[in-house]
Amino acid sequence: MAGARRYRLVGAWALAQIVAGCLLIFVAALTAFAVLSPWPADIVSRVPAEWRARLAPAAIAAVSLAVILGGSLVLSGQMLLLLRDIHRHVARLDAREARRGRDSRRSPDPRDSTSRLLPRR
């Protein structure tokens, strides 16, 4: 279908947004887990003492911000895919209606909708 080929870039952009948003959320969660978990004590001990008190709230704020930004990327990508699908379906309906209009003008006896239900002889 011509409409589906015409909007390939929109589909690719939407998928890129979805992947980027998911990766942003995943990396932020992984980073916050690494900062807040008790096992990387040797990594945290290398950080100066005055920064350690600010490290946990900064990690929580970074995760919150990443979830908001990543979520908005995922939602906008999903909306683009949804709008592309809606456009494809509306274009199909429009083409079908145009074909029906051409067919009804050609045939002298337009059939009503119940005639399609009756078997042909």
# chains A, B, ... in the order shown; residues from 1 in each chain; ligands from 1
>>> residues_around(residues="A:Arg84", least_positions_apart="4", cutoff="12 Å", atoms="only C-alpha atoms", output="list of chain:residue names")
A:Gly3, A:Ala4, A:Arg5, A:Arg6, A:Tyr7, A:Arg8, A:Leu9, A:Val10, A:Gly11, A:Ala12, A:Trp13, A:Ala14, A:Gly77, A:Gln78, A:Met79, A:Leu80, A:Arg88, A:His89, A:Val90, A:Ala91
>>> write_last_selection(atoms="all heavy atoms", output="compact mmCIF listing (two decimals), in the first residue's frame")
# COMPACT_ATOMS: atom_id res chain seq x y z
N GLY A 3 0.41 4.26 1.14
CA GLY A 3 0.44 5.02 2.39
C GLY A 3 1.42 4.43 3.39
O GLY A 3 2.09 5.14 4.13
N ALA A 4 1.51 3.11 3.43
CA ALA A 4 2.43 2.46 4.37
C ALA A 4 3.87 2.71 3.97
O ALA A 4 4.73 2.91 4.82
CB ALA A 4 2.14 0.97 4.42
N ARG A 5 4.16 2.74 2.67
CA ARG A 5 5.52 3.01 2.22
C ARG A 5 5.89 4.46 2.42
O ARG A 5 7.04 4.77 2.66
CB ARG A 5 5.67 2.64 0.75
CG ARG A 5 5.93 1.17 0.56
CD ARG A 5 6.18 0.82 -0.87
NE ARG A 5 4.93 0.25 -1.39
CZ ARG A 5 4.28 0.69 -2.45
NH1 ARG A 5 4.75 1.67 -3.15
NH2 ARG A 5 3.16 0.14 -2.81
N ARG A 6 4.91 5.34 2.32
CA ARG A 6 5.18 6.76 2.41
C ARG A 6 5.59 7.16 3.83
O ARG A 6 6.34 8.09 4.02
CB ARG A 6 3.94 7.53 1.99
CG ARG A 6 4.19 8.97 1.75
CD ARG A 6 3.00 9.68 1.21
NE ARG A 6 1.90 8.78 0.90
CZ ARG A 6 0.71 9.19 0.58
NH1 ARG A 6 0.46 10.46 0.52
NH2 ARG A 6 -0.25 8.34 0.31
N TYR A 7 5.12 6.44 4.83
CA TYR A 7 5.37 6.81 6.22
C TYR A 7 6.33 5.86 6.91
O TYR A 7 6.24 5.64 8.11
CB TYR A 7 4.04 6.89 6.98
CG TYR A 7 3.18 8.02 6.49
CD1 TYR A 7 2.07 7.80 5.69
CD2 TYR A 7 3.50 9.33 6.83
CE1 TYR A 7 1.30 8.84 5.24
CE2 TYR A 7 2.74 10.38 6.38
CZ TYR A 7 1.64 10.13 5.59
OH TYR A 7 0.88 11.18 5.14
N ARG A 8 7.27 5.29 6.18
CA ARG A 8 8.27 4.44 6.80
C ARG A 8 9.18 5.21 7.74
O ARG A 8 9.57 4.71 8.78
CB ARG A 8 9.13 3.77 5.73
CG ARG A 8 8.53 2.53 5.18
CD ARG A 8 9.53 1.80 4.35
NE ARG A 8 8.83 0.85 3.50
CZ ARG A 8 9.31 0.37 2.39
NH1 ARG A 8 10.48 0.74 1.97
NH2 ARG A 8 8.60 -0.48 1.69
N LEU A 9 9.52 6.44 7.37
CA LEU A 9 10.39 7.25 8.23
C LEU A 9 9.70 7.55 9.55
O LEU A 9 10.34 7.54 10.60
CB LEU A 9 10.76 8.55 7.51
CG LEU A 9 11.70 9.48 8.27
CD1 LEU A 9 13.04 8.80 8.49
CD2 LEU A 9 11.87 10.78 7.53
N VAL A 10 8.39 7.80 9.51
CA VAL A 10 7.64 8.04 10.75
C VAL A 10 7.66 6.80 11.62
O VAL A 10 7.86 6.89 12.84
CB VAL A 10 6.19 8.47 10.42
CG1 VAL A 10 5.35 8.56 11.68
CG2 VAL A 10 6.18 9.80 9.70
N GLY A 11 7.49 5.63 11.03
CA GLY A 11 7.54 4.39 11.79
C GLY A 11 8.92 4.15 12.39
O GLY A 11 9.04 3.73 13.54
N ALA A 12 9.95 4.42 11.62
CA ALA A 12 11.32 4.24 12.12
C ALA A 12 11.61 5.23 13.25
O ALA A 12 12.24 4.88 14.25
CB ALA A 12 12.32 4.42 10.99
N TRP A 13 11.15 6.47 13.09
CA TRP A 13 11.35 7.48 14.13
C TRP A 13 10.59 7.09 15.40
O TRP A 13 11.11 7.26 16.51
CB TRP A 13 10.90 8.84 13.63
CG TRP A 13 11.04 9.92 14.66
CD1 TRP A 13 10.04 10.59 15.27
CD2 TRP A 13 12.25 10.44 15.19
NE1 TRP A 13 10.56 11.49 16.15
CE2 TRP A 13 11.91 11.43 16.13
CE3 TRP A 13 13.60 10.16 14.97
CZ2 TRP A 13 12.86 12.14 16.84
CZ3 TRP A 13 14.54 10.87 15.69
CH2 TRP A 13 14.18 11.84 16.60
N ALA A 14 9.40 6.56 15.25
CA ALA A 14 8.61 6.14 16.41
C ALA A 14 9.30 4.99 17.13
O ALA A 14 9.40 4.99 18.36
CB ALA A 14 7.21 5.74 15.97
N GLY A 77 6.35 7.92 20.89
CA GLY A 77 6.58 6.92 19.85
C GLY A 77 5.36 6.05 19.61
O GLY A 77 5.00 5.76 18.48
N GLN A 78 4.70 5.66 20.70
CA GLN A 78 3.48 4.86 20.56
C GLN A 78 2.37 5.66 19.88
O GLN A 78 1.62 5.12 19.06
CB GLN A 78 3.00 4.39 21.94
CG GLN A 78 3.89 3.35 22.58
CD GLN A 78 3.78 2.01 21.89
OE1 GLN A 78 2.79 1.68 21.27
NE2 GLN A 78 4.85 1.23 21.99
N MET A 79 2.28 6.94 20.20
CA MET A 79 1.26 7.79 19.56
C MET A 79 1.54 7.94 18.06
O MET A 79 0.60 7.94 17.25
CB MET A 79 1.21 9.17 20.23
CG MET A 79 0.60 9.14 21.61
SD MET A 79 -1.10 8.61 21.60
CE MET A 79 -1.87 9.99 20.82
N LEU A 80 2.81 8.07 17.69
CA LEU A 80 3.14 8.15 16.26
C LEU A 80 2.74 6.87 15.54
O LEU A 80 2.18 6.92 14.43
CB LEU A 80 4.63 8.41 16.07
CG LEU A 80 5.09 9.85 16.16
CD1 LEU A 80 6.61 9.92 16.05
CD2 LEU A 80 4.46 10.69 15.08
N ARG A 88 -3.55 4.78 7.93
CA ARG A 88 -3.63 3.66 6.98
C ARG A 88 -5.05 3.12 6.87
O ARG A 88 -5.55 2.88 5.78
CB ARG A 88 -2.66 2.55 7.39
CG ARG A 88 -2.54 1.47 6.34
CD ARG A 88 -1.60 0.39 6.77
NE ARG A 88 -2.25 -0.40 7.81
CZ ARG A 88 -1.62 -0.85 8.89
NH1 ARG A 88 -0.36 -0.59 9.08
NH2 ARG A 88 -2.27 -1.56 9.78
N HIS A 89 -5.72 2.98 8.00
CA HIS A 89 -7.08 2.45 7.98
C HIS A 89 -8.05 3.44 7.34
O HIS A 89 -8.94 3.03 6.57
CB HIS A 89 -7.55 2.10 9.39
CG HIS A 89 -6.88 0.89 9.95
ND1 HIS A 89 -7.02 -0.36 9.40
CD2 HIS A 89 -6.05 0.74 11.00
CE1 HIS A 89 -6.30 -1.22 10.09
NE2 HIS A 89 -5.71 -0.58 11.07
N VAL A 90 -7.89 4.71 7.61
CA VAL A 90 -8.78 5.71 7.00
C VAL A 90 -8.54 5.79 5.50
O VAL A 90 -9.49 5.92 4.72
CB VAL A 90 -8.59 7.09 7.68
CG1 VAL A 90 -9.27 8.19 6.90
CG2 VAL A 90 -9.12 7.04 9.10
N ALA A 91 -7.29 5.65 5.07
CA ALA A 91 -7.01 5.66 3.64
C ALA A 91 -7.64 4.45 2.96
O ALA A 91 -8.17 4.57 1.85
CB ALA A 91 -5.50 5.66 3.41
>>> residues_around(residues="A:Leu36", least_positions_apart="4", cutoff="9 Å", atoms="only C-alpha atoms", output="list in words")
Thr31, Ala32, Pro40, Leu55, Ala56, Ala59 and Ile60 of chain A
>>> write_last_selection(atoms="all heavy atoms", output="PDB file, in the first residue's frame")
ATOM      1  N   THR A  31      21.739   2.261  36.998  1.00  0.00           N
ATOM      2  CA  THR A  31      22.685   3.164  37.656  1.00  0.00           C
ATOM      3  C   THR A  31      22.267   3.451  39.094  1.00  0.00           C
ATOM      4  O   THR A  31      23.097   3.456  40.003  1.00  0.00           O
ATOM      5  CB  THR A  31      22.790   4.478  36.863  1.00  0.00           C
ATOM      6  OG1 THR A  31      23.151   4.172  35.523  1.00  0.00           O
ATOM      7  CG2 THR A  31      23.826   5.395  37.464  1.00  0.00           C
ATOM      8  N   ALA A  32      20.988   3.689  39.301  1.00  0.00           N
ATOM      9  CA  ALA A  32      20.510   3.947  40.658  1.00  0.00           C
ATOM     10  C   ALA A  32      20.690   2.714  41.533  1.00  0.00           C
ATOM     11  O   ALA A  32      21.050   2.827  42.717  1.00  0.00           O
ATOM     12  CB  ALA A  32      19.053   4.357  40.632  1.00  0.00           C
ATOM     13  N   PRO A  40      28.553  -2.287  46.226  1.00  0.00           N
ATOM     14  CA  PRO A  40      29.732  -1.615  45.633  1.00  0.00           C
ATOM     15  C   PRO A  40      30.394  -0.651  46.625  1.00  0.00           C
ATOM     16  O   PRO A  40      30.635   0.510  46.321  1.00  0.00           O
ATOM     17  CB  PRO A  40      29.155  -0.881  44.441  1.00  0.00           C
ATOM     18  CG  PRO A  40      27.784  -0.517  44.867  1.00  0.00           C
ATOM     19  CD  PRO A  40      27.328  -1.660  45.742  1.00  0.00           C
ATOM     20  N   LEU A  55      24.740  11.729  47.271  1.00  0.00           N
ATOM     21  CA  LEU A  55      24.715  10.740  46.197  1.00  0.00           C
ATOM     22  C   LEU A  55      23.371  10.018  46.103  1.00  0.00           C
ATOM     23  O   LEU A  55      22.820   9.856  45.005  1.00  0.00           O
ATOM     24  CB  LEU A  55      25.842   9.726  46.405  1.00  0.00           C
ATOM     25  CG  LEU A  55      26.219   8.852  45.227  1.00  0.00           C
ATOM     26  CD1 LEU A  55      26.639   9.720  44.056  1.00  0.00           C
ATOM     27  CD2 LEU A  55      27.336   7.919  45.611  1.00  0.00           C
ATOM     28  N   ALA A  56      22.797   9.590  47.204  1.00  0.00           N
ATOM     29  CA  ALA A  56      21.529   8.863  47.186  1.00  0.00           C
ATOM     30  C   ALA A  56      20.368   9.737  46.714  1.00  0.00           C
ATOM     31  O   ALA A  56      19.607   9.315  45.829  1.00  0.00           O
ATOM     32  CB  ALA A  56      21.241   8.270  48.563  1.00  0.00           C
ATOM     33  N   ALA A  59      20.734  10.231  43.001  1.00  0.00           N
ATOM     34  CA  ALA A  59      20.403   9.033  42.226  1.00  0.00           C
ATOM     35  C   ALA A  59      18.891   8.865  42.118  1.00  0.00           C
ATOM     36  O   ALA A  59      18.367   8.536  41.045  1.00  0.00           O
ATOM     37  CB  ALA A  59      21.026   7.798  42.869  1.00  0.00           C
ATOM     38  N   ILE A  60      18.170   9.125  43.199  1.00  0.00           N
ATOM     39  CA  ILE A  60      16.711   9.019  43.173  1.00  0.00           C
ATOM     40  C   ILE A  60      16.116  10.081  42.254  1.00  0.00           C
ATOM     41  O   ILE A  60      15.200   9.813  41.472  1.00  0.00           O
ATOM     42  CB  ILE A  60      16.145   9.121  44.603  1.00  0.00           C
ATOM     43  CG1 ILE A  60      16.572   7.887  45.397  1.00  0.00           C
ATOM     44  CG2 ILE A  60      14.632   9.255  44.585  1.00  0.00           C
ATOM     45  CD1 ILE A  60      16.278   7.970  46.872  1.00  0.00           C
TER      46      ILE A  60
END
>>> select_by_dssp(residues="stretch 22-66 of chain A", states="helix (DSSP H, G or I)", output="PyMOL selection string")
chain A and resi 22-36+41-45+49-66
>>> atom_distance(atom1="atom CA of A:Ile18", atom2="atom CA of A:Ser72")
9.2 Å
>>> atom_distance(atom1="atom CA of A:Gln17", atom2="atom CA of A:Arg92")
26.9 Å
>>> atom_distance(atom1="atom CA of A:Ile25", atom2="atom CA of A:Val63")
7.5 Å
>>> residues_around(residues="A:Leu23", least_positions_apart="3", cutoff="12 Å", atoms="only C-alpha atoms", output="ChimeraX atom specification")
/A:16-20,26-31,66-67,69-71,73-74
